[in-house]
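Everything on this sheet refers to the single structure shown next.
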There are 2 protein chains.
Amino acid sequence: MSMAEPTDIDDSETVSLHQRILSDIREKILSGTWAPGHRIPFEHELTAEYKCSRMTVNKALSQLAKAGLIERRRRSGSFVRQPQSQAAVLELHDIRIEVEALGLPYRYERLDRLKRRSNVEDRGLLGLAAAGSVLWLEGLHFAGERPFALEQRLINLSAVSEAANEEFLEIAAGPWLIGRVPWSEAEHRIRAVAADETVADALDIDPGAPCLVVERRTWSAEHPVTHVRFIYPAGSHTLVARFTPSQG
Amino acid sequence: MSMAEPTDIDDSETVSLHQRILSDIREKILSGTWAPGHRIPFEHELTAEYKCSRMTVNKALSQLAKAGLIERRRRSGSFVRQPQSQAAVLELHDIRIEVEALGLPYRYERLDRLKRRSNVEDRGLLGLAAAGSVLWLEGLHFAGERPFALEQRLINLSAVSEAANEEFLEIAAGPWLIGRVPWSEAEHRIRAVAADETVADALDIDPGAPCLVVERRTWSAEHPVTHVRFIYPAGSHTLVARFTPSQG
DNA sequence: ATGGCGATTATGTATATACATATTGAAACG
DNA sequence: CGTTTCAATATGTATATACATAATCGCCAT
């Protein structure tokens, strides 16, 4: 069993050499052949093994380092890192897409719209330092006849002034904002709560029934753009997150 | 206002050139200066602009492409991509860390442990094709005197045979598995549920009270390793996910 | 011992060059 | 007029080379 062979199985696919080096090494790490702490071969050794230039090996190793699988130390070499903080990529689809994926007709209905000067709570939610105009929106997403999610949103009008002219009567602000305002950063908070009177009423569920709450704050180049809270009745929604350590 | 200047503000920091090119372009995209669909300068133009070799420019653009911010087309150039599916990096900390971050003493207590041949349900949860031995574990994580989370876990003993010898009386299987088994893939499902009798009893809450459920399936190099379900009483836990489009 | 110092070494970044490959646009042809 | 062919072009990958930088090792002097 050749242990350091440059992949004797011909992948038959046309992959670049640095990519093959990368996945060879990744495989050794993920399979446990090279345990955390293990020193992987020096660049010049891999250069000899794969009969290529150092730049090619370097490209593969740099990517593995950026992906967090290995750690590189000058003069010492490259080492397999300890499995780090678990992280997962959370896919957050548009609600319309989710509903339509269920084969149900989608509909949005605005419940409330209010332009106002930001109060302390608004500024807390948005992360604003100074007062300014905000737009408060509340609406319901329907899957068929049943309420699918309640949306409560604050938009920072200093950042997105055009939003003041929109009614958002039948389209949710989410799709409107996406494409118009490029986000640069977002933060999500996910938790379970019991439905209070208002929420239960809107979603047509019993007060006290469990709900999944997803809150999202979005920034565009440092400026707070919007804070939105989605409230899903238990059962209507499952968030799915998938994780693979490094990109192929 | 110079629009295509190579960052006239001296960053004063020692960053590599390809990195500066990368963040210059990223900034233009995130600020909206270059809207989705916009063709960013050709490599040879950036080469002239930054007075560097094409390889340096290429490194920056390749990374932007891999990060999903731009799309590269041969003979046509590179284009700013439409804001894609929202994705977020979910941080999933060790429960001990979370509890200790609250300043509370952490304790784990095993409730149940059973080695058995996998039944149909087990195989469904783990994603196993054939029958085999599994280890069923149930335990409680405490924050101080109060139950913080209920853990229900299945371990595929064909993948992690050493687990059969562990008692997991006072240490949870999570920390034990991490470091021993390098994961290569994981899938999470997050939802809200009402506590049933058993869960309510274990967590010392009222039946029907809302709970946050996080389920995780883990694979190591194609082999299912474990399926774990964490059940948090509402209020005890908030998942936080942060997102920045591309790495610096 | 021990503390400093220079040589050695592996990685980090950048260059100039070369050829491959996909795609486009225009010319040539039936 | 439609189709084929071909050259031009931008990106994709790889090489050889060069110098910078950080960390370590071993030598030497205190």
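The way I read the labels, and the way they are meant: chains A, B, ... in the order of the structure tokens, residue 1 as the first residue of every chain, and ligand 1 as the first ligand shown, with later ones counted on from there.
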Find the residues around B:Pro41 up to 10 Å (only C-alpha atoms (C1' of nucleotides) counted), leave out those fewer than 6 positions away in its own chain, and share them as a ChimeraX atom specification.
/B:4,25,47,49,77-79
Keeping only all heavy atoms, write the selected residues as an mmCIF file, in the first residue's frame.
data_model
loop_
_atom_site.group_PDB
_atom_site.id
_atom_site.type_symbol
_atom_site.label_atom_id
_atom_site.label_comp_id
_atom_site.auth_asym_id
_atom_site.auth_seq_id
_atom_site.Cartn_x
_atom_site.Cartn_y
_atom_site.Cartn_z
ATOM 1 N N ALA B 4 -10.611 54.764 -10.500
ATOM 2 C CA ALA B 4 -9.903 53.497 -10.650
ATOM 3 C C ALA B 4 -8.501 53.613 -10.088
ATOM 4 O O ALA B 4 -7.551 53.088 -10.630
ATOM 5 C CB ALA B 4 -9.855 53.080 -12.112
ATOM 6 N N ILE B 25 -11.216 45.684 -4.970
ATOM 7 C CA ILE B 25 -12.317 45.277 -5.847
ATOM 8 C C ILE B 25 -13.535 44.890 -5.026
ATOM 9 O O ILE B 25 -14.669 45.272 -5.338
ATOM 10 C CB ILE B 25 -11.869 44.115 -6.756
ATOM 11 C CG1 ILE B 25 -10.753 44.609 -7.693
ATOM 12 C CG2 ILE B 25 -13.030 43.563 -7.551
ATOM 13 C CD1 ILE B 25 -10.148 43.530 -8.550
ATOM 14 N N THR B 47 -3.288 44.952 -14.335
ATOM 15 C CA THR B 47 -1.824 44.845 -14.361
ATOM 16 C C THR B 47 -1.195 46.218 -14.579
ATOM 17 O O THR B 47 -0.250 46.607 -13.886
ATOM 18 C CB THR B 47 -1.415 43.890 -15.505
ATOM 19 O OG1 THR B 47 -1.761 42.562 -15.152
ATOM 20 C CG2 THR B 47 0.071 43.984 -15.775
ATOM 21 N N GLU B 49 -2.764 49.119 -14.096
ATOM 22 C CA GLU B 49 -3.206 50.006 -13.038
ATOM 23 C C GLU B 49 -2.337 49.851 -11.784
ATOM 24 O O GLU B 49 -1.958 50.845 -11.163
ATOM 25 C CB GLU B 49 -4.660 49.685 -12.713
ATOM 26 C CG GLU B 49 -5.352 50.713 -11.864
ATOM 27 C CD GLU B 49 -6.818 50.339 -11.673
ATOM 28 O OE1 GLU B 49 -7.463 49.881 -12.654
ATOM 29 O OE2 GLU B 49 -7.309 50.485 -10.544
ATOM 30 N N GLY B 77 -14.234 38.235 -19.928
ATOM 31 C CA GLY B 77 -13.828 39.053 -18.792
ATOM 32 C C GLY B 77 -14.434 38.561 -17.494
ATOM 33 O O GLY B 77 -14.997 37.473 -17.428
ATOM 34 N N SER B 78 -14.349 39.371 -16.463
ATOM 35 C CA SER B 78 -14.872 39.003 -15.145
ATOM 36 C C SER B 78 -16.019 39.933 -14.789
ATOM 37 O O SER B 78 -15.946 41.138 -15.020
ATOM 38 C CB SER B 78 -13.763 39.103 -14.094
ATOM 39 O OG SER B 78 -12.650 38.341 -14.486
ATOM 40 N N PHE B 79 -17.059 39.395 -14.212
ATOM 41 C CA PHE B 79 -18.271 40.159 -13.954
ATOM 42 C C PHE B 79 -18.719 40.037 -12.508
ATOM 43 O O PHE B 79 -18.576 38.974 -11.892
ATOM 44 C CB PHE B 79 -19.390 39.677 -14.876
ATOM 45 C CG PHE B 79 -19.060 39.828 -16.332
ATOM 46 C CD1 PHE B 79 -18.294 38.869 -16.983
ATOM 47 C CD2 PHE B 79 -19.492 40.941 -17.046
ATOM 48 C CE1 PHE B 79 -17.967 39.012 -18.324
ATOM 49 C CE2 PHE B 79 -19.169 41.091 -18.381
ATOM 50 C CZ PHE B 79 -18.404 40.126 -19.027
#
Return the neighbours of chain A among the residues of chain D, cut-off 7 Å, counting only C-alpha atoms (C1' of nucleotides), as a list in words.
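Residues of chain D within 7 Å of chain A, counting only C-alpha atoms (C1' of nucleotides): DT15, DA22, DA23 and DT24 of chain D.
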How would chain B read as a PDB file with C-alpha atoms, in the first residue's frame once least-squares superposed on chain A using all paired C-alpha atoms?
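So the final result, stored in selection33.pdb, reads:
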ATOM      1  CA  MET B   1       0.608   0.087   0.277  1.00  0.00           C
ATOM      2  CA  SER B   2       2.141   3.204  -1.108  1.00  0.00           C
ATOM      3  CA  MET B   3       1.525   5.905   1.393  1.00  0.00           C
ATOM      4  CA  ALA B   4       2.756   8.971  -0.394  1.00  0.00           C
ATOM      5  CA  GLU B   5       1.718   8.256  -3.927  1.00  0.00           C
ATOM      6  CA  PRO B   6       0.360  11.074  -6.047  1.00  0.00           C
ATOM      7  CA  THR B   7      -3.042   9.457  -6.468  1.00  0.00           C
ATOM      8  CA  ASP B   8      -2.456   6.373  -8.552  1.00  0.00           C
ATOM      9  CA  ILE B   9      -6.114   6.170  -9.513  1.00  0.00           C
ATOM     10  CA  ASP B  10      -6.510   8.205 -12.650  1.00  0.00           C
ATOM     11  CA  ASP B  11      -9.318  10.548 -11.814  1.00  0.00           C
ATOM     12  CA  SER B  12     -10.133  10.607 -15.520  1.00  0.00           C
ATOM     13  CA  GLU B  13     -11.556  14.028 -14.850  1.00  0.00           C
ATOM     14  CA  THR B  14      -9.611  17.020 -16.041  1.00  0.00           C
ATOM     15  CA  VAL B  15      -8.583  18.640 -12.798  1.00  0.00           C
ATOM     16  CA  SER B  16      -5.679  20.939 -12.407  1.00  0.00           C
ATOM     17  CA  LEU B  17      -2.605  19.631 -10.683  1.00  0.00           C
ATOM     18  CA  HIS B  18      -2.708  21.978  -7.705  1.00  0.00           C
ATOM     19  CA  GLN B  19      -6.300  20.925  -7.175  1.00  0.00           C
ATOM     20  CA  ARG B  20      -5.351  17.264  -7.166  1.00  0.00           C
ATOM     21  CA  ILE B  21      -2.577  17.911  -4.691  1.00  0.00           C
ATOM     22  CA  LEU B  22      -5.060  19.804  -2.543  1.00  0.00           C
ATOM     23  CA  SER B  23      -7.627  17.037  -2.493  1.00  0.00           C
ATOM     24  CA  ASP B  24      -4.995  14.340  -1.983  1.00  0.00           C
ATOM     25  CA  ILE B  25      -3.844  16.076   1.161  1.00  0.00           C
ATOM     26  CA  ARG B  26      -7.343  16.896   2.319  1.00  0.00           C
ATOM     27  CA  GLU B  27      -8.272  13.269   1.962  1.00  0.00           C
ATOM     28  CA  LYS B  28      -5.315  12.210   4.103  1.00  0.00           C
ATOM     29  CA  ILE B  29      -6.378  14.646   6.778  1.00  0.00           C
ATOM     30  CA  LEU B  30     -10.068  13.825   6.748  1.00  0.00           C
ATOM     31  CA  SER B  31      -9.489  10.096   6.686  1.00  0.00           C
ATOM     32  CA  GLY B  32      -7.272  10.438   9.724  1.00  0.00           C
ATOM     33  CA  THR B  33      -4.171   9.150   7.969  1.00  0.00           C
ATOM     34  CA  TRP B  34      -2.527  12.385   8.940  1.00  0.00           C
ATOM     35  CA  ALA B  35      -3.699  13.156  12.455  1.00  0.00           C
ATOM     36  CA  PRO B  36      -3.876  16.649  13.933  1.00  0.00           C
ATOM     37  CA  GLY B  37      -0.382  17.890  14.651  1.00  0.00           C
ATOM     38  CA  HIS B  38       1.174  15.779  11.915  1.00  0.00           C
ATOM     39  CA  ARG B  39       3.689  17.605   9.791  1.00  0.00           C
ATOM     40  CA  ILE B  40       2.788  17.317   6.164  1.00  0.00           C
ATOM     41  CA  PRO B  41       5.628  17.071   3.631  1.00  0.00           C
ATOM     42  CA  PHE B  42       7.621  20.201   2.879  1.00  0.00           C
ATOM     43  CA  GLU B  43       6.903  22.040  -0.305  1.00  0.00           C
ATOM     44  CA  HIS B  44      10.128  20.797  -1.866  1.00  0.00           C
ATOM     45  CA  GLU B  45       9.199  17.215  -1.010  1.00  0.00           C
ATOM     46  CA  LEU B  46       5.783  17.541  -2.619  1.00  0.00           C
ATOM     47  CA  THR B  47       7.467  19.229  -5.541  1.00  0.00           C
ATOM     48  CA  ALA B  48       9.566  16.103  -6.008  1.00  0.00           C
ATOM     49  CA  GLU B  49       6.620  13.794  -5.349  1.00  0.00           C
ATOM     50  CA  TYR B  50       4.357  15.392  -7.907  1.00  0.00           C
ATOM     51  CA  LYS B  51       7.189  16.452 -10.211  1.00  0.00           C
ATOM     52  CA  CYS B  52       5.983  20.001 -10.459  1.00  0.00           C
ATOM     53  CA  SER B  53       7.169  23.447  -9.509  1.00  0.00           C
ATOM     54  CA  ARG B  54       7.016  24.827  -6.003  1.00  0.00           C
ATOM     55  CA  MET B  55       4.445  27.419  -7.045  1.00  0.00           C
ATOM     56  CA  THR B  56       1.983  24.676  -7.865  1.00  0.00           C
ATOM     57  CA  VAL B  57       2.454  22.972  -4.525  1.00  0.00           C
ATOM     58  CA  ASN B  58       2.347  26.351  -2.829  1.00  0.00           C
ATOM     59  CA  LYS B  59      -1.019  27.131  -4.375  1.00  0.00           C
ATOM     60  CA  ALA B  60      -2.512  23.947  -2.968  1.00  0.00           C
ATOM     61  CA  LEU B  61      -1.032  24.417   0.496  1.00  0.00           C
ATOM     62  CA  SER B  62      -2.018  28.064   0.675  1.00  0.00           C
ATOM     63  CA  GLN B  63      -5.596  27.145  -0.063  1.00  0.00           C
ATOM     64  CA  LEU B  64      -5.600  24.435   2.568  1.00  0.00           C
ATOM     65  CA  ALA B  65      -4.235  26.955   5.033  1.00  0.00           C
ATOM     66  CA  LYS B  66      -6.893  29.485   4.154  1.00  0.00           C
ATOM     67  CA  ALA B  67      -9.547  26.814   4.519  1.00  0.00           C
ATOM     68  CA  GLY B  68      -8.219  26.181   8.015  1.00  0.00           C
ATOM     69  CA  LEU B  69      -7.251  22.562   7.532  1.00  0.00           C
ATOM     70  CA  ILE B  70      -3.553  23.121   7.974  1.00  0.00           C
ATOM     71  CA  GLU B  71      -1.347  25.655   9.650  1.00  0.00           C
ATOM     72  CA  ARG B  72       1.830  26.888   8.031  1.00  0.00           C
ATOM     73  CA  ARG B  73       4.873  27.926  10.021  1.00  0.00           C
ATOM     74  CA  ARG B  74       7.950  29.408   8.454  1.00  0.00           C
ATOM     75  CA  ARG B  75      11.056  27.388   8.834  1.00  0.00           C
ATOM     76  CA  SER B  76       9.051  24.602  10.512  1.00  0.00           C
ATOM     77  CA  GLY B  77       6.681  23.350   7.864  1.00  0.00           C
ATOM     78  CA  SER B  78       2.937  22.816   7.560  1.00  0.00           C
ATOM     79  CA  PHE B  79       0.895  20.973  10.156  1.00  0.00           C
ATOM     80  CA  VAL B  80      -2.557  19.439  10.316  1.00  0.00           C
ATOM     81  CA  ARG B  81      -4.674  21.616  12.558  1.00  0.00           C
ATOM     82  CA  GLN B  82      -6.756  20.445  15.455  1.00  0.00           C
ATOM     83  CA  PRO B  83     -10.436  20.165  14.477  1.00  0.00           C
ATOM     84  CA  GLN B  84     -11.537  23.691  15.193  1.00  0.00           C
ATOM     85  CA  SER B  85     -14.764  25.265  16.258  1.00  0.00           C
ATOM     86  CA  GLN B  86     -17.528  23.557  14.415  1.00  0.00           C
ATOM     87  CA  ALA B  87     -18.963  25.812  11.807  1.00  0.00           C
ATOM     88  CA  ALA B  88     -21.687  25.248   9.303  1.00  0.00           C
ATOM     89  CA  VAL B  89     -22.966  27.074   6.306  1.00  0.00           C
ATOM     90  CA  LEU B  90     -26.551  28.004   6.880  1.00  0.00           C
ATOM     91  CA  GLU B  91     -28.653  28.374   3.792  1.00  0.00           C
ATOM     92  CA  LEU B  92     -31.285  31.009   4.170  1.00  0.00           C
ATOM     93  CA  HIS B  93     -33.660  30.854   1.311  1.00  0.00           C
ATOM     94  CA  ASP B  94     -36.198  33.331   0.239  1.00  0.00           C
ATOM     95  CA  ILE B  95     -39.485  32.422   1.884  1.00  0.00           C
ATOM     96  CA  ARG B  96     -41.268  32.454  -1.455  1.00  0.00           C
ATOM     97  CA  ILE B  97     -38.837  29.810  -2.713  1.00  0.00           C
ATOM     98  CA  GLU B  98     -39.409  27.691   0.368  1.00  0.00           C
ATOM     99  CA  VAL B  99     -43.136  27.830   0.082  1.00  0.00           C
ATOM    100  CA  GLU B 100     -43.118  27.076  -3.608  1.00  0.00           C
ATOM    101  CA  ALA B 101     -40.763  24.177  -2.953  1.00  0.00           C
ATOM    102  CA  LEU B 102     -43.569  22.731  -0.854  1.00  0.00           C
ATOM    103  CA  GLY B 103     -45.826  22.925  -3.873  1.00  0.00           C
ATOM    104  CA  LEU B 104     -48.023  25.527  -2.239  1.00  0.00           C
ATOM    105  CA  PRO B 105     -49.103  28.872  -3.645  1.00  0.00           C
ATOM    106  CA  TYR B 106     -47.235  31.762  -2.084  1.00  0.00           C
ATOM    107  CA  ARG B 107     -48.712  35.081  -1.060  1.00  0.00           C
ATOM    108  CA  TYR B 108     -47.495  38.042   0.934  1.00  0.00           C
ATOM    109  CA  GLU B 109     -49.745  40.423   2.762  1.00  0.00           C
ATOM    110  CA  ARG B 110     -48.682  43.603   4.450  1.00  0.00           C
ATOM    111  CA  LEU B 111     -50.110  44.117   7.924  1.00  0.00           C
ATOM    112  CA  ASP B 112     -48.487  47.343   8.955  1.00  0.00           C
ATOM    113  CA  ARG B 113     -46.260  50.080   7.608  1.00  0.00           C
ATOM    114  CA  LEU B 114     -45.015  53.052   9.541  1.00  0.00           C
ATOM    115  CA  LYS B 115     -42.374  55.640   8.810  1.00  0.00           C
ATOM    116  CA  ARG B 116     -41.035  57.147  11.970  1.00  0.00           C
ATOM    117  CA  ARG B 117     -38.082  58.635  13.728  1.00  0.00           C
ATOM    118  CA  SER B 118     -36.064  55.859  15.344  1.00  0.00           C
ATOM    119  CA  ASN B 119     -36.651  55.306  19.020  1.00  0.00           C
ATOM    120  CA  VAL B 120     -34.206  53.762  21.428  1.00  0.00           C
ATOM    121  CA  GLU B 121     -35.408  50.264  20.753  1.00  0.00           C
ATOM    122  CA  ASP B 122     -35.091  50.711  16.999  1.00  0.00           C
ATOM    123  CA  ARG B 123     -31.564  51.939  17.373  1.00  0.00           C
ATOM    124  CA  GLY B 124     -30.756  48.973  19.553  1.00  0.00           C
ATOM    125  CA  LEU B 125     -32.096  46.527  17.002  1.00  0.00           C
ATOM    126  CA  LEU B 126     -30.380  48.177  14.067  1.00  0.00           C
ATOM    127  CA  GLY B 127     -27.204  49.050  15.904  1.00  0.00           C
ATOM    128  CA  LEU B 128     -27.513  52.738  15.129  1.00  0.00           C
ATOM    129  CA  ALA B 129     -25.607  55.368  17.031  1.00  0.00           C
ATOM    130  CA  ALA B 130     -27.687  58.413  16.170  1.00  0.00           C
ATOM    131  CA  ALA B 131     -31.386  58.965  15.578  1.00  0.00           C
ATOM    132  CA  GLY B 132     -32.824  59.028  12.078  1.00  0.00           C
ATOM    133  CA  SER B 133     -35.746  57.869   9.987  1.00  0.00           C
ATOM    134  CA  VAL B 134     -36.711  54.227   9.942  1.00  0.00           C
ATOM    135  CA  LEU B 135     -39.421  52.261   8.233  1.00  0.00           C
ATOM    136  CA  TRP B 136     -41.334  49.702  10.255  1.00  0.00           C
ATOM    137  CA  LEU B 137     -42.971  46.893   8.340  1.00  0.00           C
ATOM    138  CA  GLU B 138     -45.042  43.940   9.406  1.00  0.00           C
ATOM    139  CA  GLY B 139     -46.342  41.327   7.023  1.00  0.00           C
ATOM    140  CA  LEU B 140     -47.492  37.765   6.656  1.00  0.00           C
ATOM    141  CA  HIS B 141     -46.150  35.119   4.331  1.00  0.00           C
ATOM    142  CA  PHE B 142     -48.778  32.569   3.333  1.00  0.00           C
ATOM    143  CA  ALA B 143     -48.386  29.010   2.133  1.00  0.00           C
ATOM    144  CA  GLY B 144     -51.715  28.368   0.516  1.00  0.00           C
ATOM    145  CA  GLU B 145     -54.347  29.562   2.948  1.00  0.00           C
ATOM    146  CA  ARG B 146     -52.253  29.109   6.060  1.00  0.00           C
ATOM    147  CA  PRO B 147     -49.884  31.702   7.494  1.00  0.00           C
ATOM    148  CA  PHE B 148     -46.345  30.449   7.023  1.00  0.00           C
ATOM    149  CA  ALA B 149     -44.322  33.132   8.737  1.00  0.00           C
ATOM    150  CA  LEU B 150     -44.754  36.516  10.344  1.00  0.00           C
ATOM    151  CA  GLU B 151     -42.212  39.134   9.367  1.00  0.00           C
ATOM    152  CA  GLN B 152     -41.362  42.191  11.421  1.00  0.00           C
ATOM    153  CA  ARG B 153     -38.838  44.507   9.864  1.00  0.00           C
ATOM    154  CA  LEU B 154     -37.024  47.745  10.465  1.00  0.00           C
ATOM    155  CA  ILE B 155     -35.299  49.477   7.570  1.00  0.00           C
ATOM    156  CA  ASN B 156     -32.745  52.180   8.155  1.00  0.00           C
ATOM    157  CA  LEU B 157     -33.857  54.920   5.778  1.00  0.00           C
ATOM    158  CA  SER B 158     -30.552  56.760   6.067  1.00  0.00           C
ATOM    159  CA  ALA B 159     -29.007  53.763   4.339  1.00  0.00           C
ATOM    160  CA  VAL B 160     -31.826  52.917   1.923  1.00  0.00           C
ATOM    161  CA  SER B 161     -33.767  56.092   1.331  1.00  0.00           C
ATOM    162  CA  GLU B 162     -35.635  54.743  -1.718  1.00  0.00           C
ATOM    163  CA  ALA B 163     -37.442  52.315   0.589  1.00  0.00           C
ATOM    164  CA  ALA B 164     -39.479  55.232   1.915  1.00  0.00           C
ATOM    165  CA  ASN B 165     -41.330  55.398  -1.400  1.00  0.00           C
ATOM    166  CA  GLU B 166     -42.208  51.728  -1.527  1.00  0.00           C
ATOM    167  CA  GLU B 167     -45.501  50.469  -0.200  1.00  0.00           C
ATOM    168  CA  PHE B 168     -44.517  46.792   0.209  1.00  0.00           C
ATOM    169  CA  LEU B 169     -48.180  45.896  -0.063  1.00  0.00           C
ATOM    170  CA  GLU B 170     -47.761  42.605  -1.864  1.00  0.00           C
ATOM    171  CA  ILE B 171     -44.052  42.094  -2.110  1.00  0.00           C
ATOM    172  CA  ALA B 172     -41.929  41.539   0.958  1.00  0.00           C
ATOM    173  CA  ALA B 173     -39.051  43.882   1.624  1.00  0.00           C
ATOM    174  CA  GLY B 174     -36.512  41.034   1.539  1.00  0.00           C
ATOM    175  CA  PRO B 175     -36.525  40.381  -2.188  1.00  0.00           C
ATOM    176  CA  TRP B 176     -36.748  44.109  -2.781  1.00  0.00           C
ATOM    177  CA  LEU B 177     -33.653  44.813  -0.732  1.00  0.00           C
ATOM    178  CA  ILE B 178     -31.659  41.979  -2.204  1.00  0.00           C
ATOM    179  CA  GLY B 179     -30.209  43.079  -5.483  1.00  0.00           C
ATOM    180  CA  ARG B 180     -30.687  46.711  -4.530  1.00  0.00           C
ATOM    181  CA  VAL B 181     -28.453  46.800  -1.511  1.00  0.00           C
ATOM    182  CA  PRO B 182     -25.401  44.561  -1.536  1.00  0.00           C
ATOM    183  CA  TRP B 183     -24.927  43.278   1.974  1.00  0.00           C
ATOM    184  CA  SER B 184     -21.434  43.072   3.294  1.00  0.00           C
ATOM    185  CA  GLU B 185     -22.235  41.502   6.603  1.00  0.00           C
ATOM    186  CA  ALA B 186     -25.108  39.845   8.364  1.00  0.00           C
ATOM    187  CA  GLU B 187     -25.789  38.432  11.785  1.00  0.00           C
ATOM    188  CA  HIS B 188     -28.429  35.882  12.621  1.00  0.00           C
ATOM    189  CA  ARG B 189     -29.982  34.863  15.866  1.00  0.00           C
ATOM    190  CA  ILE B 190     -32.099  31.778  16.076  1.00  0.00           C
ATOM    191  CA  ARG B 191     -34.198  30.704  19.012  1.00  0.00           C
ATOM    192  CA  ALA B 192     -37.449  29.157  20.102  1.00  0.00           C
ATOM    193  CA  VAL B 193     -40.157  31.183  21.789  1.00  0.00           C
ATOM    194  CA  ALA B 194     -43.754  30.797  22.834  1.00  0.00           C
ATOM    195  CA  ALA B 195     -46.230  32.722  20.733  1.00  0.00           C
ATOM    196  CA  ASP B 196     -47.706  35.719  22.503  1.00  0.00           C
ATOM    197  CA  GLU B 197     -51.251  36.946  21.850  1.00  0.00           C
ATOM    198  CA  THR B 198     -50.340  39.111  18.878  1.00  0.00           C
ATOM    199  CA  VAL B 199     -48.170  36.523  17.165  1.00  0.00           C
ATOM    200  CA  ALA B 200     -50.627  33.715  17.831  1.00  0.00           C
ATOM    201  CA  ASP B 201     -53.393  35.818  16.361  1.00  0.00           C
ATOM    202  CA  ALA B 202     -51.437  36.660  13.225  1.00  0.00           C
ATOM    203  CA  LEU B 203     -50.233  33.122  12.634  1.00  0.00           C
ATOM    204  CA  ASP B 204     -53.535  31.552  13.588  1.00  0.00           C
ATOM    205  CA  ILE B 205     -52.068  29.323  16.271  1.00  0.00           C
ATOM    206  CA  ASP B 206     -52.662  28.949  19.995  1.00  0.00           C
ATOM    207  CA  PRO B 207     -51.020  31.412  22.353  1.00  0.00           C
ATOM    208  CA  GLY B 208     -48.042  29.731  23.974  1.00  0.00           C
ATOM    209  CA  ALA B 209     -47.426  27.482  20.982  1.00  0.00           C
ATOM    210  CA  PRO B 210     -43.744  27.087  20.094  1.00  0.00           C
ATOM    211  CA  CYS B 211     -42.297  29.200  17.308  1.00  0.00           C
ATOM    212  CA  LEU B 212     -38.953  29.392  15.609  1.00  0.00           C
ATOM    213  CA  VAL B 213     -37.596  32.916  15.519  1.00  0.00           C
ATOM    214  CA  VAL B 214     -34.894  33.948  13.097  1.00  0.00           C
ATOM    215  CA  GLU B 215     -33.575  37.460  13.441  1.00  0.00           C
ATOM    216  CA  ARG B 216     -31.224  38.972  10.928  1.00  0.00           C
ATOM    217  CA  ARG B 217     -29.291  42.197  11.022  1.00  0.00           C
ATOM    218  CA  THR B 218     -27.660  43.315   7.820  1.00  0.00           C
ATOM    219  CA  TRP B 219     -24.928  45.813   7.133  1.00  0.00           C
ATOM    220  CA  SER B 220     -23.753  47.238   3.858  1.00  0.00           C
ATOM    221  CA  ALA B 221     -20.244  48.583   4.035  1.00  0.00           C
ATOM    222  CA  GLU B 222     -20.487  49.386   7.761  1.00  0.00           C
ATOM    223  CA  HIS B 223     -23.955  50.938   7.568  1.00  0.00           C
ATOM    224  CA  PRO B 224     -26.826  49.142   9.277  1.00  0.00           C
ATOM    225  CA  VAL B 225     -29.449  48.388   6.657  1.00  0.00           C
ATOM    226  CA  THR B 226     -32.201  46.351   8.164  1.00  0.00           C
ATOM    227  CA  HIS B 227     -33.291  44.254  11.095  1.00  0.00           C
ATOM    228  CA  VAL B 228     -35.821  41.575  10.377  1.00  0.00           C
ATOM    229  CA  ARG B 229     -37.517  39.003  12.551  1.00  0.00           C
ATOM    230  CA  PHE B 230     -39.169  35.960  11.029  1.00  0.00           C
ATOM    231  CA  ILE B 231     -41.503  34.014  13.264  1.00  0.00           C
ATOM    232  CA  TYR B 232     -42.417  30.535  12.091  1.00  0.00           C
ATOM    233  CA  PRO B 233     -44.961  28.331  13.845  1.00  0.00           C
ATOM    234  CA  ALA B 234     -43.327  25.085  14.983  1.00  0.00           C
ATOM    235  CA  GLY B 235     -43.446  22.496  12.261  1.00  0.00           C
ATOM    236  CA  SER B 236     -43.700  24.902   9.369  1.00  0.00           C
ATOM    237  CA  HIS B 237     -40.021  25.365   9.106  1.00  0.00           C
ATOM    238  CA  THR B 238     -36.726  23.585   9.515  1.00  0.00           C
ATOM    239  CA  LEU B 239     -33.450  25.357   8.990  1.00  0.00           C
ATOM    240  CA  VAL B 240     -30.875  23.231   7.271  1.00  0.00           C
ATOM    241  CA  ALA B 241     -27.179  23.767   7.498  1.00  0.00           C
ATOM    242  CA  ARG B 242     -24.560  21.717   5.776  1.00  0.00           C
ATOM    243  CA  PHE B 243     -20.876  21.695   6.360  1.00  0.00           C
ATOM    244  CA  THR B 244     -17.846  20.470   4.514  1.00  0.00           C
ATOM    245  CA  PRO B 245     -14.503  21.586   5.876  1.00  0.00           C
ATOM    246  CA  SER B 246     -12.899  22.923   2.745  1.00  0.00           C
ATOM    247  CA  GLN B 247     -13.887  23.770  -0.745  1.00  0.00           C
ATOM    248  CA  GLY B 248     -13.086  21.405  -3.582  1.00  0.00           C
TER     249      GLY B 248
END
For D:DT3, list every protein, DNA or RNA residue within 12 Å, evaluated using only C-alpha atoms (C1' of nucleotides), and leave out those in the same chain fewer than 2 positions away; present the list as a ChimeraX atom specification.
/C:28-30 /D:1,5
